[in-house]
Amino acid sequence: MMRTMIKYVVLDLIKNRIILVYTFFLLLMSLGMFSMDENTTKGIMSLMNLVLIIIPLVSIIFSTIYVYNSSEFIELLAAQPLKRKSLWLSIYSGLALSLSLAFMIGVGIPVLLFDGTLTGWVLVLSGLFQTIIFTGIALLAAVKTRDKAKGIGVAIFLWFFFTLIYDGLVLLLLFQFSDYPLEKPMIALSMLNPVDLSRILILLKLDISALMGYTGAVFSNFFGSGFGMLLSVAILFLWSAVPVWFSLKQFQQKDL
Amino acid sequence: MKICITILFLFLFTDATAKLWRVGAGQQELSIRATINKATDGDTIFIYPGMYKEGQLIITKKLFLKGIQYPVLDGEQKVEILTIRCDGVVVEGLFFKRSGRSSYNDIAALRIADCRNVIVRNNQFESGYFGIYSQHATAAIITGNRLQSDAKDEVSSGNGIHCWKSDSMHISSNTVTGYRDGLYFEFVTNSYIKSNTSYGNVRYGLHFMFSGNNSYISNVFRDNGAGVAVMYSKNIRIQNNLFADNWGGAAYGILMKEITDSRVEGNRFQKNSVGIMLEGSNRIQLFKNVFLQNGWAIKMQASCMDNSIEQNNFYANSFDMATNGELVLNSFKKNYWDKYEGYDLNRDGVGDVPYHPVSMFSMMGERNASSMMLFRSFIVGLLDKAEKMLPVLTPVDLKDHQPLMKPLKL
């Protein structure tokens, strides 16, 4: 049953004009960045900014709006003999799947074509995680607030928080506590934000760690080790599951 | 005319007395040591292929030692293989292998001690502690040698070509790899170091201190543990060298500490974590260099003054410059910076607004190393842009008044 529902959500989304435009925009950006410079590392660098800023923004806002817009559809299905759990998870999977598909076509394929190195793979993987994580966060935002305008506001704020405010707070913390050795707390802090975590993973693959001095050395020691790699992937998985789980709990009790 | 003829005859006469000795299996002599003992000033010794394990050989006569097809002199990891203590000795075409190691003695494969006009050319060195060690030598020529060792760490290894208290040395076309420092000079003056290649050494490719009036031309220093470090010297000329791939937390293309009145011209700095680091260095002309794909192209401490940075090309560096203070006593002129975003209304090739090579974030990184965690994040990009509009943290005076619109052809 769930599979049929996912199929309908995905089919509905693929026909959606915004998704098409989004795919096309990503494709244009990534092809442009790679063809502008013969140095693919620079292309990866520019794409990293795209992946870490635009992808979360589009994922979170689009998903929030989609959930609000299909509230009637959701109500209709909820009236059917279906489990709310499978209904909600289908919507989530449908959204995550179609946005990931758009990302794979727009960024994934060009990156793997132009730069099939490990760095490229890490970039693509980070982008996929960003898509999935921010879709989940969007669902949580949408289910928590009944009002559509407020919900979209919350979504934008969350995007703003993860891409900008969080780093600002980290900066503040760094300068407030500059007398203390902060390298290890920094690792923990970077884990608490999927955007930062992805950025650091990509940068370390680009062998930028030397520029980051002692901090870089601590980072590359930690993230370069098997344990660190495993832990960061696990954290990213947690980031993709936990918001959805909370939203599911909320949805199951929600008075539609 | 008569004098000329007399001189010519004199030459013929001296040549006639010089003897040629042949050492090797099937030759007139078997032992190098015995031959050196028997020979007199001006003699030539040909050493034929083979393995010679003769302990430490000390030359106190003016001899010409020539190896034929690289005969091997084996130090069996115990001794210094050859010590030259006489003016005008020539050593050519030998293969020095397994010289001794010691933790309290600087044992070298070949030592030039207290003499003049020695020539060491086209020899090979393999696995040893120090390679060529010159002390109190004058006007020695060290050229065309290949030195290769297997240093693991700084403590248990020696330097490739090590000169101490030497003058007017000519060191050219050597290849040095696998030592602690490739080239090491201390109290070396009036010397000329050209076309050497120093790579894959544990610490520095080139390291000198208290060594003035030297020229370093067309050398290659790449892939060394900590790059190149030069200190406490003046009147240095560094021209047309390549400093590349010195990548690591404490690696520099070239670290200049208290270098004064010097010229750094036409060099290429590529893929170093820091291209040039200047500390307490004054009156240096940085001229027509290329900085490509470095982490920081130049790190200049506020303790530097009267340096002029002119007509260099900066491409694809993560940061063009970093400094640690507000005070700027150096001049920047007519460089090409690929990050320059200004305009050129009168089309004279020079940008109309000055370029500030120090970005906000590179300043922040200097103050607080941990902030590098936010490298290339959105907020840092925004702060950099804001800082460009309204400088608060970056030194206002550190700017290129005449940034070029197009790169120089270098």
# chains A, B, ... in the order shown; residues from 1 in each chain; ligands from 1
$ closest_atom_pairs --of "chain A" --to "chain B" --cutoff "9 Å" --atoms "only C-alpha atoms" --output "tab-separated table"
residue	atom	partner	partner_atom	distance
A:Lys42	CA	B:Ala316	CA	8.7
A:Met45	CA	B:Arg376	CA	8.9
A:Asn49	CA	B:Phe378	CA	7.6
A:Leu52	CA	B:Phe378	CA	8.6
A:Ile53	CA	B:Phe378	CA	7.6
A:Thr163	CA	B:Phe378	CA	6.7
A:Leu164	CA	B:Ile379	CA	5.5
A:Ile165	CA	B:Ile379	CA	8.1
A:Asp167	CA	B:Ile379	CA	6.7
A:Gly168	CA	B:Ile379	CA	6.8
A:Val170	CA	B:Ser371	CA	8.5
A:Leu171	CA	B:Ser371	CA	6.7
A:Leu174	CA	B:Ser371	CA	6.6
A:Phe175	CA	B:Asn368	CA	7.3
A:Ser178	CA	B:Asn368	CA	6.7
A:Pro181	CA	B:Ser370	CA	8.5
A:Leu182	CA	B:Ser370	CA	6.7
A:Glu183	CA	B:Ser370	CA	6.4
A:Met186	CA	B:Met373	CA	7.4
A:Ile187	CA	B:Met373	CA	8.9
A:Ser190	CA	B:Met373	CA	8.3
A:Asp196	CA	B:Ser377	CA	7.8
A:Arg199	CA	B:Ser377	CA	7.6
A:Ile200	CA	B:Met373	CA	7.6
A:Leu203	CA	B:Phe375	CA	8.6
A:Ile208	CA	B:Gly295	CA	8.0
A:Ser209	CA	B:Gly249	CA	8.1
A:Ala210	CA	B:Gly249	CA	4.8
A:Leu211	CA	B:Gly295	CA	5.9
A:Met212	CA	B:Met372	CA	5.2
A:Gly213	CA	B:Gly249	CA	5.3
A:Tyr214	CA	B:Gly249	CA	7.0
A:Thr215	CA	B:Ser370	CA	5.4
A:Gly216	CA	B:Met373	CA	7.5
A:Ala217	CA	B:Gly249	CA	7.4
A:Phe219	CA	B:Met373	CA	8.6
$ select_by_dssp --residues "stretch 115-251 of chain B" --states "strand (DSSP E)" --output "ChimeraX atom specification"
/B:119-121,124-126,130-135,141-143,146-148,161-167,170-172,175-177,183-189,192-194,197-199,206-209,215-217,220-222,227-234,237-239,242-244
$ closest_residue --among "B:Val23, B:Tyr52, B:Val79, B:Arg101" --to "B:Lys66" --atoms "only C-alpha atoms"
B:Val23
$ residues_around --residues "A:Ser30" --least-positions-apart "2" --cutoff "10 Å" --atoms "only C-alpha atoms" --output "MDAnalysis selection string"
chainID A and resid 25:28 32:36 43:44 46:47 50 106:111 114
$ residues_around --residues "stretch 225-236 of chain A" --least-positions-apart "6" --cutoff "9 Å" --atoms "only C-alpha atoms" --output "number ranges by chain"
A: 126, 129-130, 133, 191-192, 194, 197-198, 201
$ closest_atom_pairs --of "stretch 74-184 of chain A" --to "stretch 238-252 of chain A" --cutoff "10 Å" --atoms "only C-alpha atoms" --output "CSV"
residue,atom,partner,partner_atom,distance
A:Lys83,CA,A:Gln252,CA,9.1
A:Arg84,CA,A:Gln252,CA,6.1
A:Lys85,CA,A:Leu248,CA,6.7
A:Ser86,CA,A:Leu248,CA,9.6
A:Leu87,CA,A:Leu248,CA,9.8
A:Trp88,CA,A:Leu248,CA,6.7
A:Leu89,CA,A:Leu248,CA,7.7
A:Tyr92,CA,A:Val244,CA,8.0
A:Phe129,CA,A:Ser240,CA,7.2
A:Gln130,CA,A:Ser240,CA,8.5
A:Thr131,CA,A:Ser240,CA,9.1
A:Ile132,CA,A:Ser240,CA,6.0
A:Ile133,CA,A:Ser240,CA,4.3
A:Phe134,CA,A:Ser240,CA,7.8
A:Thr135,CA,A:Ser240,CA,8.4
A:Gly136,CA,A:Val244,CA,4.9
A:Ile137,CA,A:Pro243,CA,5.5
A:Ala138,CA,A:Pro243,CA,8.7
A:Leu139,CA,A:Ser247,CA,6.3
A:Leu140,CA,A:Ser247,CA,4.5
A:Ala141,CA,A:Ser247,CA,8.0
A:Ala142,CA,A:Ser247,CA,8.5
A:Val143,CA,A:Ser247,CA,6.3
A:Lys144,CA,A:Gln250,CA,7.3
$ residues_around --residues "B:Lys271" --least-positions-apart "5" --cutoff "6 Å" --atoms "only C-alpha atoms" --output "list of chain:residue names"
B:Ala244, B:Asp245, B:Gln293, B:Asn294
$ write_last_selection --atoms "N, CA and C atoms" --output "PDB file, in the first residue's frame"
ATOM      1  N   ALA B 244      57.702  24.182  -4.677  1.00  0.00           N
ATOM      2  CA  ALA B 244      56.417  23.551  -4.968  1.00  0.00           C
ATOM      3  C   ALA B 244      56.088  22.399  -4.021  1.00  0.00           C
ATOM      4  N   ASP B 245      54.804  22.184  -3.851  1.00  0.00           N
ATOM      5  CA  ASP B 245      54.275  21.014  -3.141  1.00  0.00           C
ATOM      6  C   ASP B 245      54.802  20.854  -1.727  1.00  0.00           C
ATOM      7  N   GLN B 293      48.087  28.575  -6.611  1.00  0.00           N
ATOM      8  CA  GLN B 293      47.442  27.507  -5.834  1.00  0.00           C
ATOM      9  C   GLN B 293      48.058  27.261  -4.465  1.00  0.00           C
ATOM     10  N   ASN B 294      48.500  28.330  -3.822  1.00  0.00           N
ATOM     11  CA  ASN B 294      48.970  28.160  -2.452  1.00  0.00           C
ATOM     12  C   ASN B 294      47.809  28.361  -1.491  1.00  0.00           C
TER      13      ASN B 294
END
$ residues_around --residues "B:Glu54" --least-positions-apart "5" --cutoff "8 Å" --atoms "only C-alpha atoms" --output "list in words"
Ser31, Ile32, Arg33, Leu73, Asp74 and Gly75 of chain B
$ atom_distance --atom1 "atom CA of B:Tyr204" --atom2 "atom CA of B:Tyr336"
29.5 Å
$ atom_distance --atom1 "atom CA of B:Tyr199" --atom2 "atom CA of B:Asp181"
9.5 Å
